[in-house]
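**Student:** One structure follows; several queries about it will come next.
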Amino acid sequence: INNNIYICVPEELKPAFMEFAKMRNKIKKPLTSEDSVKRQLSKLYKLGKTTEEQIAILNQSVDNCWQGLFPVKSEPEKKSYKTDEDYDY
């Protein structure tokens, strides 16, 4: 990884962003320039208003091996299945 292109990444986002960059390299879709890093940061700032949200967005992309950044998906509600105790026989 060419660390010079990550100079524009704020310190509080660096660990999560570098993990995202490593994952991008592993899937053979590396960030190739400082401009591409800046574009990803711009998108990240639009999607997440707080540092915590931005880190969650980066982590979600890493966890799912997504090459892009997307709003955090909330956990789907667990379907509750009725048991025999729920029925009056």
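Ligands are numbered from 1 in the order shown, chains are lettered A, B, ... in the order of the structure tokens, and residues start at 1 in each chain.
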Which residues are near region 27-30 of chain A? Cut-off 10 Å, only C-alpha atoms, ignore same chain within fewer than 3 positions. Put them as number ranges by chain.

**Tutor:** A: 1, 20-24, 33, 36, 65-67

**Student:** Excluding Pro71 (chain A) and any residue of its chain fewer than 5 positions from it, enumerate the residues within 8 Å of it, using only C-alpha atoms, and give them as a PyMOL selection string.

**Tutor:** chain A and resi 47-48+57

**Student:** Would you mind exporting the chosen residues as a PDB file, in the first residue's frame, restricted to all heavy atoms?

**Tutor:**
```pdb
ATOM      1  N   LEU A  47     -22.361  10.329   3.641  1.00  0.00           N
ATOM      2  CA  LEU A  47     -23.140   9.211   4.189  1.00  0.00           C
ATOM      3  C   LEU A  47     -23.212   9.220   5.709  1.00  0.00           C
ATOM      4  O   LEU A  47     -24.216   8.813   6.283  1.00  0.00           O
ATOM      5  CB  LEU A  47     -22.549   7.879   3.726  1.00  0.00           C
ATOM      6  CG  LEU A  47     -22.648   7.577   2.245  1.00  0.00           C
ATOM      7  CD1 LEU A  47     -21.856   6.318   1.908  1.00  0.00           C
ATOM      8  CD2 LEU A  47     -24.093   7.412   1.827  1.00  0.00           C
ATOM      9  N   GLY A  48     -22.132   9.631   6.350  1.00  0.00           N
ATOM     10  CA  GLY A  48     -22.075   9.599   7.810  1.00  0.00           C
ATOM     11  C   GLY A  48     -21.760  10.966   8.372  1.00  0.00           C
ATOM     12  O   GLY A  48     -20.779  11.589   7.972  1.00  0.00           O
ATOM     13  N   ILE A  57     -19.595   2.772   8.624  1.00  0.00           N
ATOM     14  CA  ILE A  57     -19.728   2.610   7.170  1.00  0.00           C
ATOM     15  C   ILE A  57     -18.504   1.890   6.606  1.00  0.00           C
ATOM     16  O   ILE A  57     -18.624   0.954   5.820  1.00  0.00           O
ATOM     17  CB  ILE A  57     -19.931   3.984   6.496  1.00  0.00           C
ATOM     18  CG1 ILE A  57     -21.315   4.527   6.837  1.00  0.00           C
ATOM     19  CG2 ILE A  57     -19.724   3.901   4.990  1.00  0.00           C
ATOM     20  CD1 ILE A  57     -21.508   6.008   6.532  1.00  0.00           C
TER      21      ILE A  57
END
```

**Student:** Of the candidates A:Lys26, A:Lys14, A:Cys8, A:Lys43, which shows the shortest atom-to-atom distance to Gly68 (chain A), using only C-alpha atoms?

**Tutor:**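 Checking each of A:Lys26, A:Lys14, A:Cys8, A:Lys43 against Gly68 (chain A), counting only C-alpha atoms, the winner is A:Lys43.
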
**Student:** Would you list the contacts of Pro10 (chain A) as JSON, numbers by chain, taking every protein, DNA or RNA residue within 12 Å and counting only C-alpha atoms, but skipping same-chain residues closer than 3 positions in sequence?

**Tutor:** {"A": [6, 7, 13, 14, 15, 16, 17, 18, 37, 38, 41, 45, 51, 54, 55]}

**Student:** Grab the residues selected above and save them as a CSV table (one decimal), in the first residue's frame with all heavy atoms.

**Tutor:**
```
chain,number,residue,atom,x,y,z
A,6,TYR,N,-2.6,8.4,1.3
A,6,TYR,CA,-3.6,8.4,2.5
A,6,TYR,C,-3.3,9.6,3.4
A,6,TYR,O,-3.9,9.7,4.4
A,6,TYR,CB,-3.5,7.1,3.2
A,6,TYR,CG,-3.9,5.9,2.4
A,6,TYR,CD1,-2.9,5.1,1.9
A,6,TYR,CD2,-5.2,5.7,1.9
A,6,TYR,CE1,-3.1,4.0,1.1
A,6,TYR,CE2,-5.4,4.6,1.1
A,6,TYR,CZ,-4.4,3.8,0.7
A,6,TYR,OH,-4.7,2.7,-0.2
A,7,ILE,N,-2.5,10.5,2.9
A,7,ILE,CA,-2.1,11.7,3.8
A,7,ILE,C,-3.3,12.5,4.1
A,7,ILE,O,-3.4,13.1,5.2
A,7,ILE,CB,-1.0,12.5,3.0
A,7,ILE,CG1,-0.3,13.5,4.0
A,7,ILE,CG2,-1.6,13.3,1.9
A,7,ILE,CD1,0.9,12.9,4.7
A,13,LEU,N,-10.0,8.6,11.5
A,13,LEU,CA,-10.6,7.6,10.6
A,13,LEU,C,-9.5,6.7,10.0
A,13,LEU,O,-9.8,5.7,9.4
A,13,LEU,CB,-11.2,8.3,9.4
A,13,LEU,CG,-12.5,9.1,9.7
A,13,LEU,CD1,-13.0,9.8,8.4
A,13,LEU,CD2,-13.6,8.2,10.2
A,14,LYS,N,-8.2,7.0,10.3
A,14,LYS,CA,-7.1,6.3,9.7
A,14,LYS,C,-7.2,4.8,9.9
A,14,LYS,O,-7.1,4.0,8.9
A,14,LYS,CB,-5.8,6.8,10.1
A,14,LYS,CG,-5.2,7.6,9.0
A,14,LYS,CD,-3.7,7.7,9.0
A,14,LYS,CE,-3.3,8.5,7.8
A,14,LYS,NZ,-2.7,9.8,8.0
A,15,PRO,N,-7.4,4.3,11.1
A,15,PRO,CA,-7.4,2.8,11.3
A,15,PRO,C,-8.5,2.1,10.5
A,15,PRO,O,-8.2,1.1,9.8
A,15,PRO,CB,-7.6,2.6,12.8
A,15,PRO,CG,-7.2,3.9,13.4
A,15,PRO,CD,-7.5,5.0,12.4
A,16,ALA,N,-9.7,2.6,10.5
A,16,ALA,CA,-10.8,2.0,9.7
A,16,ALA,C,-10.6,2.2,8.2
A,16,ALA,O,-10.8,1.3,7.5
A,16,ALA,CB,-12.1,2.6,10.2
A,17,PHE,N,-10.1,3.4,7.8
A,17,PHE,CA,-9.9,3.6,6.4
A,17,PHE,C,-8.8,2.7,5.9
A,17,PHE,O,-8.9,2.2,4.7
A,17,PHE,CB,-9.6,5.1,6.1
A,17,PHE,CG,-9.8,5.5,4.7
A,17,PHE,CD1,-11.0,5.9,4.3
A,17,PHE,CD2,-8.8,5.3,3.8
A,17,PHE,CE1,-11.2,6.3,2.9
A,17,PHE,CE2,-9.0,5.6,2.4
A,17,PHE,CZ,-10.2,6.1,2.0
A,18,MET,N,-7.7,2.5,6.6
A,18,MET,CA,-6.6,1.7,6.2
A,18,MET,C,-7.1,0.2,6.1
A,18,MET,O,-6.6,-0.5,5.2
A,18,MET,CB,-5.4,1.8,7.1
A,18,MET,CG,-4.8,3.2,7.1
A,18,MET,SD,-4.4,3.8,5.4
A,18,MET,CE,-3.0,2.8,5.0
A,37,VAL,N,-8.8,8.5,-3.1
A,37,VAL,CA,-9.0,8.5,-1.7
A,37,VAL,C,-9.9,9.7,-1.3
A,37,VAL,O,-10.8,9.5,-0.5
A,37,VAL,CB,-7.6,8.6,-0.9
A,37,VAL,CG1,-7.8,8.8,0.6
A,37,VAL,CG2,-6.8,7.3,-1.1
A,38,LYS,N,-9.6,10.8,-1.8
A,38,LYS,CA,-10.4,12.0,-1.5
A,38,LYS,C,-11.9,11.8,-2.0
A,38,LYS,O,-12.8,12.2,-1.3
A,38,LYS,CB,-9.8,13.3,-2.2
A,38,LYS,CG,-8.6,13.8,-1.5
A,38,LYS,CD,-8.0,15.0,-2.2
A,38,LYS,CE,-6.8,15.5,-1.6
A,38,LYS,NZ,-6.2,16.6,-2.3
A,41,LEU,N,-13.5,9.6,0.6
A,41,LEU,CA,-13.7,10.4,1.9
A,41,LEU,C,-14.9,11.4,1.7
A,41,LEU,O,-15.7,11.5,2.6
A,41,LEU,CB,-12.5,11.3,2.2
A,41,LEU,CG,-11.3,10.5,2.8
A,41,LEU,CD1,-10.1,11.4,3.0
A,41,LEU,CD2,-11.7,9.9,4.2
A,45,TYR,N,-18.2,11.3,4.0
A,45,TYR,CA,-18.7,12.5,4.8
A,45,TYR,C,-20.2,12.7,4.5
A,45,TYR,O,-20.9,13.2,5.3
A,45,TYR,CB,-17.9,13.7,4.5
A,45,TYR,CG,-16.4,13.6,4.9
A,45,TYR,CD1,-15.5,14.3,4.2
A,45,TYR,CD2,-16.0,12.9,6.0
A,45,TYR,CE1,-14.1,14.2,4.6
A,45,TYR,CE2,-14.7,12.8,6.4
A,45,TYR,CZ,-13.8,13.5,5.7
A,45,TYR,OH,-12.5,13.4,6.1
A,51,THR,N,-18.2,10.8,13.3
A,51,THR,CA,-17.0,9.9,13.1
A,51,THR,C,-17.4,8.5,13.4
A,51,THR,O,-17.0,7.6,12.6
A,51,THR,CB,-15.9,10.3,14.1
A,51,THR,OG1,-15.5,11.6,13.8
A,51,THR,CG2,-14.7,9.4,14.0
A,54,GLN,N,-19.2,7.2,10.3
A,54,GLN,CA,-18.2,7.0,9.2
A,54,GLN,C,-17.4,5.7,9.5
A,54,GLN,O,-17.2,5.0,8.5
A,54,GLN,CB,-17.3,8.2,9.1
A,54,GLN,CG,-18.1,9.5,8.7
A,54,GLN,CD,-17.4,10.8,9.0
A,54,GLN,OE1,-16.3,10.8,9.6
A,54,GLN,NE2,-18.0,11.9,8.6
A,55,ILE,N,-17.0,5.5,10.7
A,55,ILE,CA,-16.3,4.2,11.0
A,55,ILE,C,-17.2,3.0,10.8
A,55,ILE,O,-16.7,2.0,10.2
A,55,ILE,CB,-15.7,4.3,12.4
A,55,ILE,CG1,-14.6,5.3,12.5
A,55,ILE,CG2,-15.2,2.9,12.9
A,55,ILE,CD1,-14.1,5.6,13.9
```

**Student:** Restricting the calculation to only C-alpha atoms: of A:Thr32, A:Asn25, A:Asn3, A:Gln40, which residue gets closest to Leu58 (chain A)?

**Tutor:** A:Gln40

**Student:** Running DSSP on the backbone, which parts of chain A land in alpha helix (DSSP H), as an NGL selection string?

**Tutor:** :A and (14-26 or 34-47 or 51-63)

**Student:** CA of Asp35 (chain A) and CA of Ile5 (chain A) are how many Å apart?

**Tutor:**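 According to the coordinates, CA of Asp35 (chain A) and CA of Ile5 (chain A) are separated by 8.1 Å.
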
**Student:** Return the single residue from A:Ser74, A:Ser42, A:Asn4, A:Val9 that is closest to Gln60 (chain A), with distances computed using only C-alpha atoms.

**Tutor:**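 Closest to Gln60 (chain A) of all the choices is A:Ser74.
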